[in-house]
>>> print(open('entry-v3.txt').read())   # compact mmCIF, C-alpha atoms
# COMPACT_ATOMS: atom_id res chain seq x y z
CA MET O 2 0.00 0.00 0.00
CA ASN O 3 1.46 3.42 -0.90
CA SER O 4 1.70 6.33 1.53
CA SER O 5 -1.40 8.24 0.36
CA LYS O 6 -3.53 5.10 0.76
CA CYS O 7 -2.05 4.51 4.23
CA ARG O 8 -2.69 8.13 5.22
CA LEU O 9 -6.30 8.05 3.98
CA SER O 10 -7.00 4.70 5.67
CA ALA O 11 -5.47 5.84 8.98
CA ALA O 12 -7.60 9.01 8.83
CA TRP O 13 -10.73 6.94 8.17
CA LEU O 14 -9.98 4.65 11.15
CA SER O 15 -9.44 7.71 13.35
CA LEU O 16 -12.74 9.19 12.15
CA MET O 17 -14.59 5.96 13.01
CA THR O 18 -12.97 5.88 16.47
CA LEU O 19 -13.72 9.54 17.21
CA THR O 20 -17.34 9.08 16.10
CA ALA O 21 -17.71 6.09 18.43
CA ILE O 22 -16.17 8.07 21.33
CA GLY O 23 -18.51 11.05 20.82
CA TYR O 24 -21.56 8.78 20.51
CA THR O 25 -20.69 6.71 23.59
CA ALA O 26 -20.01 9.79 25.72
CA ALA O 27 -23.35 11.36 24.75
CA ALA O 28 -25.37 8.14 25.01
CA LYS O 29 -24.21 7.32 28.52
CA SER O 30 -24.95 10.74 30.03
CA PRO O 31 -27.99 12.96 30.49
CA SER O 32 -28.67 15.57 27.82
CA ALA O 33 -26.75 18.89 28.21
CA ALA O 34 -24.26 17.47 30.74
CA MET O 35 -20.96 19.37 30.55
CA LEU O 36 -18.45 16.53 30.04
CA PRO O 37 -20.20 14.62 27.21
CA THR O 38 -20.89 17.92 25.46
CA LEU O 39 -17.20 18.80 25.60
CA VAL O 40 -16.26 15.31 24.39
CA ALA O 41 -18.77 15.46 21.50
CA LEU O 42 -17.62 18.93 20.41
CA SER O 43 -13.93 18.04 20.72
CA ALA O 44 -14.50 14.88 18.66
CA ALA O 45 -16.34 16.97 16.05
CA ALA O 46 -13.45 19.47 15.90
CA ALA O 47 -10.89 16.66 15.54
CA LYS O 48 -12.94 14.96 12.80
CA PHE O 49 -13.47 18.26 10.94
CA SER O 50 -9.71 18.89 11.02
CA LEU O 51 -8.90 15.35 9.83
CA VAL O 52 -11.32 15.59 6.89
CA ALA O 53 -9.92 18.99 5.88
CA TRP O 54 -6.25 18.06 6.36
CA VAL O 55 -6.19 14.54 4.89
CA PHE O 56 -9.32 13.99 2.75
CA MET O 57 -9.44 17.55 1.34
CA ASP O 58 -5.62 17.60 1.10
CA LEU O 59 -5.10 21.01 2.71
CA ARG O 60 -1.77 19.70 4.02
CA ARG O 61 -0.20 20.16 0.59
CA VAL O 62 -1.11 23.82 0.05
CA SER O 63 -0.37 27.13 1.76
CA ARG O 64 -1.15 27.09 5.49
CA TRP O 65 -3.37 30.16 4.98
CA TRP O 66 -6.17 27.84 3.83
CA SER O 67 -5.93 25.73 6.99
CA LEU O 68 -5.86 28.89 9.07
CA GLY O 69 -8.98 30.26 7.36
CA LEU O 70 -10.92 27.02 7.78
CA GLY O 71 -9.67 26.69 11.36
CA ILE O 72 -10.96 30.19 12.19
CA LEU O 73 -14.35 29.29 10.67
CA LEU O 74 -14.48 26.07 12.72
CA ALA O 75 -13.50 27.92 15.91
CA LEU O 76 -16.22 30.54 15.32
CA ILE O 77 -18.91 27.90 14.76
CA LEU O 78 -17.92 25.67 17.69
CA GLY O 79 -17.42 28.78 19.85
CA MET O 80 -20.99 29.79 19.06
CA VAL O 81 -22.24 26.29 19.93
CA ALA O 82 -20.27 26.32 23.21
CA LEU O 83 -21.60 29.79 24.12
CA PHE O 84 -25.21 28.61 23.61
CA GLN O 85 -24.51 25.47 25.63
CA TRP O 86 -22.76 27.49 28.35
CA GLY O 87 -25.90 29.63 28.54
CA ALA O 88 -27.93 26.45 29.00
CA PHE O 89 -25.54 25.23 31.72
CA SER O 90 -25.53 28.50 33.65
CA GLY O 91 -29.32 28.77 33.37
CA MET M 27 -1.83 21.48 -9.47
CA LEU M 28 0.74 19.02 -8.25
CA PRO M 29 1.07 15.65 -9.97
CA ASP M 30 0.25 13.43 -7.01
CA HIS M 31 -0.53 13.36 -3.32
CA GLN M 32 3.04 12.85 -2.15
CA SER M 33 4.81 15.47 -4.15
CA THR M 34 5.05 18.10 -1.37
CA LYS M 35 6.84 15.76 1.02
CA ARG M 36 10.19 17.55 0.87
CA LEU M 37 8.99 21.06 0.10
CA PRO M 38 9.56 23.73 2.76
CA LYS M 39 6.32 25.30 4.02
CA ALA M 40 7.06 28.59 2.22
CA ALA M 41 7.15 26.71 -1.11
CA LEU M 42 3.69 25.17 -0.74
CA PRO M 43 1.36 26.26 -3.56
CA LEU M 44 -1.19 28.98 -2.84
CA GLU M 45 -3.99 27.46 -4.97
CA PRO M 46 -6.06 24.97 -2.95
CA PRO M 47 -7.03 21.47 -4.23
CA GLY M 48 -9.97 21.76 -6.61
CA GLY M 49 -9.44 25.50 -7.17
CA VAL M 50 -10.46 28.66 -5.33
CA LEU M 51 -14.08 28.67 -6.54
CA VAL M 52 -15.10 25.41 -4.88
CA TRP M 53 -13.47 26.58 -1.62
CA LEU M 54 -15.53 29.77 -1.82
CA VAL M 55 -18.58 27.51 -2.04
CA VAL M 56 -17.32 25.55 1.00
CA ALA M 57 -16.91 28.74 3.04
CA LEU M 58 -20.33 30.11 2.06
CA GLU M 59 -22.08 26.79 2.80
CA LEU M 60 -20.36 26.49 6.19
CA LEU M 61 -21.48 30.03 7.05
CA THR M 62 -25.03 29.26 5.91
CA PHE M 63 -25.21 26.13 8.05
CA ALA M 64 -23.58 28.01 10.94
CA ALA M 65 -26.50 30.44 10.80
CA GLY M 66 -28.91 27.47 10.79
CA ILE M 67 -27.14 25.95 13.79
CA GLY M 68 -27.39 29.31 15.55
CA VAL M 69 -31.16 29.38 14.89
CA PHE M 70 -31.46 25.79 16.21
CA LEU M 71 -29.58 26.58 19.42
CA HIS M 72 -31.43 29.85 19.98
CA ALA M 73 -34.79 28.09 19.58
CA LYS M 74 -33.55 25.34 21.93
CA GLY M 75 -33.03 28.03 24.58
CA THR M 76 -36.43 29.63 24.05
CA HIS M 77 -38.45 26.38 23.68
CA PRO M 78 -36.65 23.86 25.93
CA GLY M 79 -39.69 21.60 26.34
CA GLU M 80 -40.18 21.09 22.60
CA PHE M 81 -36.45 20.43 22.09
CA ALA M 82 -36.22 17.97 25.00
CA ALA M 83 -39.22 16.04 23.64
CA GLY M 84 -37.87 16.22 20.09
CA ALA M 85 -34.42 14.98 21.12
CA GLN M 86 -36.04 12.01 22.92
CA GLY M 87 -37.69 11.01 19.65
CA LEU M 88 -34.50 11.00 17.57
CA ASP M 89 -33.09 7.68 16.38
CA GLN M 90 -29.52 7.80 17.73
CA PRO M 91 -28.25 4.49 16.26
CA LEU M 92 -29.58 5.45 12.81
CA ALA M 93 -27.82 8.84 13.01
CA LEU M 94 -24.61 7.09 14.10
CA ALA M 95 -24.86 4.66 11.17
CA ASN M 96 -25.42 7.59 8.79
CA THR M 97 -22.37 9.41 10.16
CA LEU M 98 -20.16 6.34 9.73
CA LEU M 99 -21.53 5.82 6.22
CA LEU M 100 -20.87 9.42 5.14
CA LEU M 101 -17.33 9.41 6.55
CA THR M 102 -16.65 6.08 4.85
CA GLY M 103 -17.86 7.67 1.62
CA GLY M 104 -15.30 10.43 2.25
CA TRP M 105 -12.57 7.81 2.54
CA PHE M 106 -13.71 6.21 -0.76
CA MET M 107 -13.61 9.65 -2.42
CA GLY M 108 -10.08 10.30 -1.12
CA MET M 109 -8.96 6.92 -2.47
CA ALA M 110 -10.55 7.76 -5.84
CA VAL M 111 -8.62 11.04 -6.13
CA ALA M 112 -5.40 9.29 -5.08
CA ALA M 113 -5.91 6.51 -7.67
CA ILE M 114 -6.70 8.90 -10.53
CA SER M 115 -3.73 11.12 -9.60
CA GLN M 116 -1.56 8.03 -10.13
CA ASN M 117 -3.10 7.24 -13.53
CA ARG M 118 -5.11 4.29 -12.21
CA GLY M 119 -8.41 5.29 -13.79
CA LEU M 120 -10.21 1.96 -13.36
CA ALA M 121 -9.38 1.82 -9.66
CA GLY M 122 -10.47 5.45 -9.39
CA ALA M 123 -13.81 4.65 -11.04
CA ARG M 124 -14.27 1.73 -8.63
CA TRP M 125 -13.66 3.97 -5.59
CA LEU M 126 -15.97 6.62 -7.04
CA GLY M 127 -18.64 3.93 -7.44
CA LEU M 128 -18.26 3.00 -3.77
CA ALA M 129 -18.51 6.67 -2.75
CA ILE M 130 -21.73 6.97 -4.79
CA VAL M 131 -23.14 3.86 -3.06
CA ALA M 132 -22.24 5.35 0.35
CA GLY M 133 -23.98 8.60 -0.63
CA ILE M 134 -27.11 6.78 -1.79
CA GLY M 135 -27.01 4.75 1.44
CA PHE M 136 -26.87 7.98 3.47
CA LEU M 137 -29.84 9.38 1.56
CA GLY M 138 -31.78 6.13 2.01
CA LEU M 139 -31.14 5.99 5.78
CA LYS M 140 -32.12 9.66 6.09
CA GLY M 141 -35.34 8.84 4.24
CA VAL M 142 -36.02 5.98 6.69
CA GLU M 143 -35.37 8.35 9.62
CA TRP M 144 -37.73 11.00 8.22
CA ALA M 145 -40.43 8.40 7.45
CA GLY M 146 -40.28 7.27 11.09
CA LYS M 147 -40.63 10.84 12.34
CA ILE M 148 -43.48 11.70 9.95
CA GLY M 149 -45.20 8.42 10.85
CA ALA M 150 -44.99 9.44 14.52
CA GLY M 151 -46.74 12.74 13.75
CA ALA M 152 -43.76 15.09 13.30
CA SER M 153 -43.89 17.61 10.48
CA PHE M 154 -42.19 20.68 9.04
CA GLY M 155 -44.04 23.57 10.69
CA GLY M 156 -45.37 21.30 13.43
CA ASP M 157 -43.19 22.56 16.27
CA HIS M 158 -39.97 24.52 16.57
CA PHE M 159 -37.72 21.47 16.98
CA TYR M 160 -39.00 19.51 14.00
CA THR M 161 -39.28 22.57 11.75
CA ILE M 162 -35.58 23.37 12.21
CA TYR M 163 -34.62 19.67 12.25
CA PHE M 164 -36.27 19.06 8.86
CA ALA M 165 -34.87 22.33 7.46
CA LEU M 166 -31.26 21.60 8.46
CA THR M 167 -31.22 17.88 7.63
CA GLY M 168 -33.23 18.50 4.45
CA PHE M 169 -30.80 21.18 3.22
CA HIS M 170 -27.88 18.85 3.95
CA PHE M 171 -29.73 16.00 2.18
CA ALA M 172 -29.98 18.23 -0.93
CA HIS M 173 -26.21 18.78 -0.85
CA VAL M 174 -25.44 15.06 -0.58
CA ALA M 175 -27.89 14.35 -3.43
CA ALA M 176 -26.11 16.98 -5.56
CA ALA M 177 -22.74 15.42 -4.67
CA VAL M 178 -24.01 11.97 -5.75
CA VAL M 179 -25.07 13.42 -9.13
CA ILE M 180 -21.66 15.13 -9.55
CA LEU M 181 -19.77 11.93 -8.67
CA THR M 182 -21.91 9.87 -11.04
CA TYR M 183 -21.06 12.27 -13.88
CA LEU M 184 -17.35 12.24 -12.97
CA ARG M 185 -17.29 8.42 -12.79
CA HIS M 186 -18.69 8.19 -16.34
CA ALA M 187 -16.01 10.65 -17.50
CA VAL M 188 -13.26 8.64 -15.74
CA LEU M 189 -14.46 5.44 -17.43
CA ARG M 190 -14.28 7.24 -20.79
CA GLY M 191 -10.63 8.10 -20.05
CA ARG M 192 -11.24 11.84 -19.67
CA TYR M 193 -8.95 12.21 -16.61
CA THR M 194 -5.28 11.37 -16.17
CA ALA M 195 -2.53 12.07 -13.63
CA ALA M 196 -1.77 15.21 -15.64
CA ASP M 197 -5.36 16.49 -15.58
CA TYR M 198 -7.75 15.57 -12.77
CA PHE M 199 -8.75 19.04 -11.60
CA ASP M 200 -12.50 18.30 -11.92
CA ILE M 201 -12.13 15.15 -9.82
CA GLU M 202 -10.46 17.20 -7.07
CA SER M 203 -13.20 19.85 -7.26
CA GLY M 204 -15.92 17.18 -7.06
CA GLY M 205 -14.09 15.60 -4.14
CA ILE M 206 -13.94 18.90 -2.26
CA PHE M 207 -17.70 19.32 -2.76
CA TRP M 208 -18.24 15.78 -1.45
CA HIS M 209 -16.06 16.38 1.62
CA MET M 210 -17.89 19.65 2.26
CA CYS M 211 -20.98 17.47 2.91
CA ASP M 212 -18.85 15.59 5.50
CA LEU M 213 -17.78 18.86 7.16
CA ILE M 214 -21.34 20.16 7.38
CA TRP M 215 -22.61 16.87 8.80
CA LEU M 216 -19.77 16.78 11.37
CA LEU M 217 -21.16 20.08 12.72
CA LEU M 218 -24.86 19.16 12.46
CA TYR M 219 -24.55 15.69 14.00
CA PRO M 220 -23.42 16.65 17.54
CA VAL M 221 -25.67 19.72 17.68
CA ILE M 222 -28.87 17.93 16.64
CA TYR M 223 -28.29 14.41 17.98
CA LEU M 224 -25.67 14.42 20.76
CA ILE M 225 -25.70 17.53 22.96
>>> encode(input="entry-v3.txt", output="structure tokens")
Amino acid sequence: MNSSKCRLSAAWLSLMTLTAIGYTAAAKSPSAAMLPTLVALSAAAAKFSLVAWVFMDLRRVSRWWSLGLGILLALILGMVALFQWGAFSG
Amino acid sequence: MLPDHQSTKRLPKAALPLEPPGGVLVWLVVALELLTFAAGIGVFLHAKGTHPGEFAAGAQGLDQPLALANTLLLLTGGWFMGMAVAAISQNRGLAGARWLGLAIVAGIGFLGLKGVEWAGKIGAGASFGGDHFYTIYFALTGFHFAHVAAAVVILTYLRHAVLRGRYTAADYFDIESGGIFWHMCDLIWLLLYPVIYLI
């Protein structure tokens, strides 16, 4: 197997594992609990980054593209966390 | 465009090309779609805060294992798409067409499972416009469904072109662009899935 196949397959395995972790954390805890929410959002951020870096091949172009997408991801997940934090504090 | 997926291995970071895979235009689409879905997610979370009862009841009715299966299926489709681009970039058109076929099957599987999920909800009395939760749920998942359906059509067209020998290691720009559109569906779902189903 060549290196691009290995890289893509390793990313896919990581994506499956992260999905299982996020699902298990959320399924075993009550809705809106802090820890499973953090686990689910962290898993989502890691999966988003893996898809962009490996599947969409951002690793082979200027880092400005990764930075731009990373800022977009941070804004979206920051918004989600702020709404959830509001729910927690309420 | 670089000839294959390993060609930047020894390049210093400053020498990395500025043009993204698939071209700037498709990345503009990615950014705009992510912003559009971000607005939708914001609406969902705001409504969740203002109508907690409806959202708690709605979340109870969601089919978690089906959503998990759909997530795994879509991400597996992303892997197939990546393998297709890698194969075509190495002049292995038949292998590329085979991987594209698998990605198309994964996409159709995602659409089918989403249809099963919606049928279950509609059968249980949920509807678009029924309550806040299901109105936004159907809007967000329906809009994403439309994107995956469009990606399946694009991949089907590209697969036919690959089988006709249209793309080679020297020219597979359209395959990369189609792949970026496909992976954009992954990115959007990776944001929708935890917000709607997990948290």
>>> interface_residues(input="entry-v3.txt", of="chain M", to="chain O", cutoff="7 Å", atoms="only C-alpha atoms", output="ChimeraX atom specification")
/M:31-32,34,42-47,64,71,75,98,102,104-105,108-109,112,206,209,213,216-217,220,224-225
>>> closest_residue(input="entry-v3.txt", among="M:Arg118, M:Arg185, M:His170, M:Lys140", to="Leu92 of chain M", atoms="only C-alpha atoms")
M:Lys140
>>> closest_residue(input="entry-v3.txt", among="M:Leu99, M:Leu58, M:Val188, M:Val69", to="Leu126 of chain M", atoms="only C-alpha atoms")
M:Val188
>>> atom_distance(input="entry-v3.txt", atom1="atom CA of Leu101 of chain M", atom2="atom CA of Arg124 of chain M")
17.3 Å
>>> atom_distance(input="entry-v3.txt", atom1="atom CA of Gly138 of chain M", atom2="atom CA of Val174 of chain M")
11.3 Å
>>> residues_around(input="entry-v3.txt", residues="Leu181 of chain M", least_positions_apart="2", cutoff="10 Å", atoms="all atoms listed in the file", output="NGL selection string")
:M and (107 or 123 or 126-127 or 129-130 or 133 or 175-179 or 183-187 or 201 or 204-205 or 207-208)
>>> axis_aligned_box(input="entry-v3.txt", around="segment 61-75 of chain O", padding_each_side="8 Å", output="AutoDock Vina command-line options")
--center_x -7.3 --center_y 25.2 --center_z 8.0 --size_x 30.3 --size_y 26.1 --size_z 31.9
>>> atom_distance(input="entry-v3.txt", atom1="atom CA of Ala65 of chain M", atom2="atom CA of Leu166 of chain M")
10.3 Å
>>> closest_residue(input="entry-v3.txt", among="M:Val55, M:Val50, M:Ala73, M:Ile67", to="Phe159 of chain M", atoms="all atoms listed in the file")
M:Ala73
>>> decode(input="entry-v3.txt", residues="segment 44-67 of chain M", atoms="N, CA and C atoms", output="PDB file, in the first residue's frame")
ATOM      1  N   LEU M  44      -0.132  28.159  -3.436  1.00  0.00           N
ATOM      2  CA  LEU M  44      -1.194  28.977  -2.842  1.00  0.00           C
ATOM      3  C   LEU M  44      -2.578  28.456  -3.246  1.00  0.00           C
ATOM      4  N   GLU M  45      -2.678  27.913  -4.483  1.00  0.00           N
ATOM      5  CA  GLU M  45      -3.987  27.461  -4.968  1.00  0.00           C
ATOM      6  C   GLU M  45      -4.405  26.184  -4.248  1.00  0.00           C
ATOM      7  N   PRO M  46      -5.618  26.157  -3.692  1.00  0.00           N
ATOM      8  CA  PRO M  46      -6.064  24.967  -2.948  1.00  0.00           C
ATOM      9  C   PRO M  46      -6.484  23.840  -3.890  1.00  0.00           C
ATOM     10  N   PRO M  47      -6.562  22.588  -3.394  1.00  0.00           N
ATOM     11  CA  PRO M  47      -7.025  21.471  -4.227  1.00  0.00           C
ATOM     12  C   PRO M  47      -8.434  21.759  -4.744  1.00  0.00           C
ATOM     13  N   GLY M  48      -8.642  21.548  -6.034  1.00  0.00           N
ATOM     14  CA  GLY M  48      -9.970  21.765  -6.608  1.00  0.00           C
ATOM     15  C   GLY M  48     -10.223  23.202  -7.048  1.00  0.00           C
ATOM     16  N   GLY M  49      -9.294  24.100  -6.737  1.00  0.00           N
ATOM     17  CA  GLY M  49      -9.444  25.498  -7.165  1.00  0.00           C
ATOM     18  C   GLY M  49     -10.129  26.376  -6.131  1.00  0.00           C
ATOM     19  N   VAL M  50      -9.953  27.689  -6.310  1.00  0.00           N
ATOM     20  CA  VAL M  50     -10.463  28.659  -5.328  1.00  0.00           C
ATOM     21  C   VAL M  50     -11.993  28.674  -5.297  1.00  0.00           C
ATOM     22  N   LEU M  51     -12.622  28.516  -6.457  1.00  0.00           N
ATOM     23  CA  LEU M  51     -14.080  28.671  -6.545  1.00  0.00           C
ATOM     24  C   LEU M  51     -14.813  27.682  -5.642  1.00  0.00           C
ATOM     25  N   VAL M  52     -14.395  26.408  -5.674  1.00  0.00           N
ATOM     26  CA  VAL M  52     -15.103  25.411  -4.875  1.00  0.00           C
ATOM     27  C   VAL M  52     -14.884  25.671  -3.373  1.00  0.00           C
ATOM     28  N   TRP M  53     -13.731  26.252  -3.031  1.00  0.00           N
ATOM     29  CA  TRP M  53     -13.475  26.584  -1.620  1.00  0.00           C
ATOM     30  C   TRP M  53     -14.299  27.786  -1.174  1.00  0.00           C
ATOM     31  N   LEU M  54     -14.612  28.667  -2.123  1.00  0.00           N
ATOM     32  CA  LEU M  54     -15.530  29.767  -1.816  1.00  0.00           C
ATOM     33  C   LEU M  54     -16.914  29.191  -1.507  1.00  0.00           C
ATOM     34  N   VAL M  55     -17.310  28.195  -2.293  1.00  0.00           N
ATOM     35  CA  VAL M  55     -18.585  27.510  -2.036  1.00  0.00           C
ATOM     36  C   VAL M  55     -18.559  26.865  -0.648  1.00  0.00           C
ATOM     37  N   VAL M  56     -17.447  26.200  -0.316  1.00  0.00           N
ATOM     38  CA  VAL M  56     -17.315  25.548   1.003  1.00  0.00           C
ATOM     39  C   VAL M  56     -17.508  26.580   2.122  1.00  0.00           C
ATOM     40  N   ALA M  57     -16.826  27.713   1.997  1.00  0.00           N
ATOM     41  CA  ALA M  57     -16.911  28.744   3.042  1.00  0.00           C
ATOM     42  C   ALA M  57     -18.332  29.282   3.171  1.00  0.00           C
ATOM     43  N   LEU M  58     -18.972  29.556   2.020  1.00  0.00           N
ATOM     44  CA  LEU M  58     -20.332  30.108   2.063  1.00  0.00           C
ATOM     45  C   LEU M  58     -21.321  29.103   2.650  1.00  0.00           C
ATOM     46  N   GLU M  59     -21.162  27.817   2.274  1.00  0.00           N
ATOM     47  CA  GLU M  59     -22.078  26.787   2.798  1.00  0.00           C
ATOM     48  C   GLU M  59     -21.884  26.614   4.301  1.00  0.00           C
ATOM     49  N   LEU M  60     -20.614  26.631   4.748  1.00  0.00           N
ATOM     50  CA  LEU M  60     -20.365  26.493   6.190  1.00  0.00           C
ATOM     51  C   LEU M  60     -20.987  27.662   6.954  1.00  0.00           C
ATOM     52  N   LEU M  61     -20.886  28.863   6.391  1.00  0.00           N
ATOM     53  CA  LEU M  61     -21.477  30.033   7.050  1.00  0.00           C
ATOM     54  C   LEU M  61     -23.006  29.923   7.068  1.00  0.00           C
ATOM     55  N   THR M  62     -23.573  29.425   5.969  1.00  0.00           N
ATOM     56  CA  THR M  62     -25.027  29.264   5.909  1.00  0.00           C
ATOM     57  C   THR M  62     -25.503  28.269   6.968  1.00  0.00           C
ATOM     58  N   PHE M  63     -24.819  27.124   7.054  1.00  0.00           N
ATOM     59  CA  PHE M  63     -25.209  26.126   8.055  1.00  0.00           C
ATOM     60  C   PHE M  63     -24.906  26.613   9.470  1.00  0.00           C
ATOM     61  N   ALA M  64     -23.863  27.435   9.617  1.00  0.00           N
ATOM     62  CA  ALA M  64     -23.580  28.006  10.941  1.00  0.00           C
ATOM     63  C   ALA M  64     -24.757  28.863  11.394  1.00  0.00           C
ATOM     64  N   ALA M  65     -25.327  29.625  10.458  1.00  0.00           N
ATOM     65  CA  ALA M  65     -26.504  30.436  10.797  1.00  0.00           C
ATOM     66  C   ALA M  65     -27.665  29.526  11.200  1.00  0.00           C
ATOM     67  N   GLY M  66     -27.843  28.436  10.457  1.00  0.00           N
ATOM     68  CA  GLY M  66     -28.910  27.473  10.785  1.00  0.00           C
ATOM     69  C   GLY M  66     -28.706  26.857  12.161  1.00  0.00           C
ATOM     70  N   ILE M  67     -27.462  26.515  12.473  1.00  0.00           N
ATOM     71  CA  ILE M  67     -27.144  25.946  13.792  1.00  0.00           C
ATOM     72  C   ILE M  67     -27.432  26.978  14.891  1.00  0.00           C
TER      73      ILE M  67
END
